[in-house]
Every structure is written in C-alpha cells, then in structure tokens.
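One structure below.
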Amino acid sequence: MHRILNTKVFKVDPDNIEVKYIEEAAEVIRSGGLVVFPTETVYGLGADTFNKDAVVKIFEAKGRPLDNPLIIHIASIEQLEEVVDLKPIRLDVYRLVEKFWPGPLTFILPKTQHVPYEVTAGRDTVAVRMPAHPVALKLVDLSRTPIAAPSANLSGKPSPTLPEHVIKDMVGRVDIILDSGETLYGVESTIIDLTIDPPMLLRPGAIPVEEVEKYLEKKILIPDFARGVAEVSEALSPGMKYKHYAPNTPLIVLESEDYSNLQSYVGKIIKYIDVLKSSRKKILVIASRETEDLYRDLDVIVLVLGSRNNLFEIAKNLFSTLRSIDELSVDLAVVEGFEEKGLGLTIMNRLRKASGYNIVKI
Ligand code: TXA
Ligand code: MG
C-alpha cells in the first residue's frame with residue numbers, strides 16, 4: 001500500500017520558470033520524497049536514484065511490479081559517468097549522446113556500482129536519458145542527483161500526457177506535482193540497448209529508430225516484441241511483459257497490408273463492424289482525419305487521432321484518446337492501423353499492446 005500524502009500541485013511555465021517551485025521540488029527529491037515532473041515525452045514520477053528507500057516508494061505509488069526497472073534522468077555528462085560504466089562499450093557513446101541529447105532517446109548501458117539494484121530491478125545494466133524539457137533539466141540540476149523515474153501513471157494505464165492525467169492518478173501518492181501543461185511528443189522515449197552488437201530496439205518511441213540507424217550507419221535489431229506483435233522475452237526487456245496502456249473496454253486493431261487506398265481499407269472496416277453490430281450495441285471507431293467522413297452512415301461514435309500525414313499529431317493524441325475510451329461507455333472500440341514506418345512503428349506498438357494483442361488483419 002502507498003502512504004496517503006498531502007500533494008502540492010505547482011503550475012510551472014516552461015518558458016518562464018519560477019525557480020522557487022523547482023527549488024522546493026528539488027528539496028523533496030534530496031530528502032527522499034517523490035515529485036511528478038514534465039518531460040518532452042510524458043510526465044515522469046521521480047526520486048533520487050541513489051536513495052533506495054525513495055526509489056522503492058516510486059513502485060508503491062504506481063503499483064508497479066518491482067521487477068520493472070526505471071529510467072534514470074540526467075542533466076549533464078558528469079551524471080552519465082556517475083551511473084554508467086562506459087569502459088566495456090566499444091561504440092562512441094559520447095558522440096551518440098551529443099547528437100541525440102537532450103532528447104527522447106534512452107540507452108541501456110552497463111551500470112556503475114553506485115546505482116542501487118532497486119532502480120535496475122536487479123540488472124547490471126541501466127536505462128538512462130537526458131530529457132529535453134527545461135523543467136525536467138532544472139529539477140535534476142537543482143536536485144544535484146540523477147532522478148530515477150518511470151512514467152507517472154498508475155501501473156497499467158496509459159502514460160500521462162496532460163496535467164489532469166497525473167492529477168487523477170497521483171494526487172495523494174506523491175509530494176509534489178509540477179504541472180507544465182501538455183507534453184510535446186505524447187509517447188515515451190525510444191529505448192535502445194547498446195550493451196549488445198548490433199544494438200537492439202527495446203521500445204520504439206518519440207525518436208524514429210531510422211534516425212538513429214542513419215547516424216550510427218548500422219542496422220538496429222527490431223525484435224517482434226518492439227513491433228508489439230509478440231510477447232516479450234523477459235531476459236531482453238524486463239517490464240515490457242506487463243499489460244500496458246490498456247483500456248477496460250475491449251479494443252481491436254484493424255490492420256492492413258497496405259494503407260494507400262483508404263477508401264477500400266475503410267470499406268473493409270465497415271463490413272467488419274456490420275458483422276459485430278449484431279452482438280455489440282455501442283461501437284467506437286478511432287479513425288484519422290482522412291477517413292472520419294467515411295463512417296458517417298454508420299451508427300458508431302468516431303474519434304479522430306489526427307492526420308495520417310502527420311504521425312507526430314497521431315502519436316501526441318494517442319494516450320489521451322486511449323484514456324477517453326472507457327469514459328464513452330461503449331461495448332467495443334476498434335482502431336485503424338498505420339504503416340510501420342518512422343513514428344508509425346511507435347504508434348502500432350502502443351495500439352497493439354493497448355488492445356492486448358487483439359489484432360485483426362483485414
Ligand atoms: O519517455 C520516457 O521514457 C518516460 C519519461 C518519464 O522519461 N519514461 C518511461 O518509463 O516511459 P517507463 O515507465 O516506460 O519505464 C521504463 C522502461 C521499463 O519498463 C523497462 O522496460 C525499460 O525502461 N528499462 C529500464 N531499465 C532497463 C534495463 N536495465 N534493461 C532493459 N530495459 C530497461
Ligand atoms: Mg510506463
């Protein structure tokens with residue numbers, strides 16, 4: 001059980017930071033408390049990386065299984081060296097992080113002995129990133145310690161992209177919530193394991209894996225679990241086995257081999273819905289701006305994720321849309337698929353997992 005805390009919520013404008021609020025939050029981190037803070041991806045739930053008791057409180061607050069490790073957030077290269085042992089790595093990590101940090105890219109690297117096993121769930125590797133959000137960077141900086149933080153949702157729920165999500169999930173469970181409005185990307189960081197060669201994508205995220213491949217001039221292994229089409233092997237990627245992002249309402253992803261002819265694709269979706277309609281009364285369709293009108297003659301609710309020509313927009317709206325499914329009290333939700341390129345891979349990973357692998361190819 002988590003303790004019931006008196007949570008303070010501070011609004012912080014990222015373009016004009018009131019330092020006194022970050023100071024107070026940093027003091028909470030230094031004294032072993034919990035702070036929810038914005039990042040450019042989703043909100044994080046942070047504690048002092050080097051304080052075991054504080055780290056354990058993160059798991060209690062989220063209801064997170066203890067075998068699901070956390071990401072360490074740093075604000076400087078000195079802090080990278082405090083948590084990561086770069087000696088066994090042949091790749092030039094400094095060049096790589098110079099290119100992509102601060103930013104939504106997390107690397108798995110060997111840990112130093114200073115990082116407690118509570119953070120890494122018993123592993124000798126650690127997940128680390130430097131976030132590109134002024135409030136997150138200021139908080140880590142003023143705390144004078146790297147901050148271990150998973151996403152600030154209750155375990156199993158979609159990651160929070162809006163202040164109301166964190167307030168709903170975390171009031172009473174943390175000491176301070178720093179509210180800086182909607183997060184920029186709306187999906188979590190891309191996670192790449194650099195302890196193996198070739199590197200392996202563990203989670204597609206806000207940075208398309210192709211961008212990292214282009215820079216490294218080498219292929220990154222993309223296992224089926226990173227696409228969201230297979231359950232994960234525990235040894236490779238702890239934590240990914242847990243049900244994620246899932247609404248209580250049954251959700252089906254209707255996928256196609258080819259999204260170039262949307263008229264024909266939606267025609268098939270409509271046929272599929274017609275069959276379902278005999279047994280389920282209220283159906284929700286999660287569509288795109290290009291297709292929403294094609295459902296107009298159907299007795300269904302339609303939500304629009306965004307434009308197919310702007311996957312950034314689709315990714316950004318994804319989690320708040322998933323959170324809203326249950327509020328609409330429908331019997332079933334179906335969602336359109338997207339081509340697995342660039343952010344499309346990230347979107348499909350999240351949708352497939354949200355559906356509990358309830359994937360239908362039409
Ligand atoms: O954008 C993000 O990454 C956000 C913000 C707050 O930074 N964080 C986030 O953390 O999404 P979350 O709740 O997804 O948890 C981190 C995941 C774990 O589930 C685990 O799969 C992976 O990172 N991870 C952490 N340490 C690992 C390790 N040593 N080896 C393999 N995977 C690891
Ligand atoms: Mg998470």
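Order determines the names: the first chain of the structure tokens is A, the second B, and so forth; residues in each chain are numbered 1 upward, and ligands are numbered 1 upward as they are shown.
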Q. Can you tell me, as a count of residues only, what residues are no more than 8 Å from Pro102 in chain A when counting only C-alpha atoms, ignoring any on the same chain fewer than 3 positions away?
A. 5
(Q) Write out as a ChimeraX atom specification the set of residues from range 88-237 of chain A that DSSP, computed on the backbone, places in strand (DSSP E or B). (A) /A:105-111,125-129,147-149,151,176-179,190-193,200-203,221
Q. When distances are computed from only C-alpha atoms and all ligand atoms, which of A:Thr195, A:Ser155, A:Ser143, A:Thr112 shows the smallest separation from ligand 2?
A.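 Residue with the minimum atom-to-atom distance to ligand 2: A:Ser155.
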(Q) So that I can check the surroundings of Gly172 in chain A, please list as a PyMOL selection string every protein, DNA and RNA residue that reaches within 8 Å of it, counting only C-alpha atoms and ignoring chain neighbours fewer than 5 positions away. (A) chain A and resi 3-7
Q. Contacts of Leu254 in chain A at 9 Å or less, counting only C-alpha atoms, minus same-chain residues fewer than 6 places along, as a list of chain:residue names?
A.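 Here the answer would be A:Ile269, A:Val334, A:Val335, A:Glu336, A:Gly337, A:Asn358, A:Ile359, A:Val360, A:Lys361, A:Ile362.
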Q | Contacts of range 17-25 of chain A at 10 Å (only C-alpha atoms; same-chain gap of 2+ positions) as a count of residues only | A | 32
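Of the listed residues (A:Val83, A:Leu284, A:Leu154, A:Ile222), A:Leu154 comes nearest to Ile58 in chain A; the distances count only C-alpha atoms.
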Q) Which residues, written as a PyMOL selection string, have at least one atom at most 8 Å from Ala354 in chain A, with only C-alpha atoms counted and residues fewer than 2 positions away on the same chain left out? A) chain A and resi 243-247+251+350-352+356-357
Would you output that residue set with C-alpha atoms, as a CSV table (one decimal), in the first residue's frame?
```csv
chain,number,residue,atom,x,y,z
A,243,LYS,CA,-0.1,-5.1,-19.8
A,244,HIS,CA,0.2,-1.6,-20.9
A,245,TYR,CA,-1.9,1.3,-21.9
A,246,ALA,CA,-5.0,-0.9,-21.8
A,247,PRO,CA,-8.5,0.5,-21.5
A,251,LEU,CA,-10.2,-2.8,-28.2
A,350,ARG,CA,1.3,1.2,-28.4
A,351,LEU,CA,-2.0,0.3,-30.2
A,352,ARG,CA,-1.2,-3.4,-30.3
A,356,GLY,CA,-3.9,-6.9,-25.5
A,357,TYR,CA,-2.7,-8.1,-29.0
```
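When only C-alpha atoms and all ligand atoms are used to compute distances to ligand 1, the closest of the residues A:Tyr265, A:Tyr185, A:Tyr94, A:Trp101 turns out to be A:Tyr185.
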Q | Straight-line distance linking CA of Thr39 in chain A with CA of Glu60 in chain A, stated in Å to one decimal | A | 21.5 Å
Q. Quick one: DSSP helix (DSSP H, G or I) residues in range 115-272 of chain A, as a VMD selection string?
A. chain A and resid 117 to 120 134 to 143 163 to 170 209 to 216 224 to 227 262 to 272
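Distances from A:Val187, A:Val93, A:Leu80, A:Met200 to ligand 2 were compared using only C-alpha atoms and all ligand atoms, and the smallest one belongs to A:Val187.
Coordinates place CA of Glu255 in chain A at a distance of 19.4 Å from CA of Ile301 in chain A.
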Exercise answer, 6 Å around ligand 2 with only C-alpha atoms and all ligand atoms, as a compact mmCIF listing (two decimals) with N, CA and C atoms, in the first residue's frame:
```
# COMPACT_ATOMS: atom_id res chain seq x y z
N PRO A 150 9.94 6.43 -13.76
CA PRO A 150 9.10 5.85 -14.81
C PRO A 150 8.06 6.88 -15.20
N SER A 151 7.17 6.52 -16.12
CA SER A 151 6.05 7.40 -16.44
C SER A 151 5.15 7.52 -15.21
N SER A 159 0.53 6.25 -20.29
CA SER A 159 1.39 7.28 -19.72
C SER A 159 0.68 8.63 -19.79
```
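Shortest atom-to-atom contact with ligand 1 among A:Val115, A:Val171, A:Ile71, A:Leu66: A:Ile71, counting only C-alpha atoms and all ligand atoms.
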**Q.** Nearest to Phe107 in chain A by atom-to-atom distance, counting only C-alpha atoms, from A:Ser256, A:Thr120, A:Ser76, A:Ser189
**A.**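 Of all the options, A:Ser189 lies closest to Phe107 in chain A.
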Q. Neighbours of Asp326 in chain A within 12 Å (only C-alpha atoms; same-chain residues fewer than 5 positions away dropped), as an MDAnalysis selection string?
A. chainID A and resid 157 246:251 283:284 320:321 331:333
Q) So how far away is CA of Glu231 in chain A from CA of His73 in chain A, in Å? A) 27.3 Å
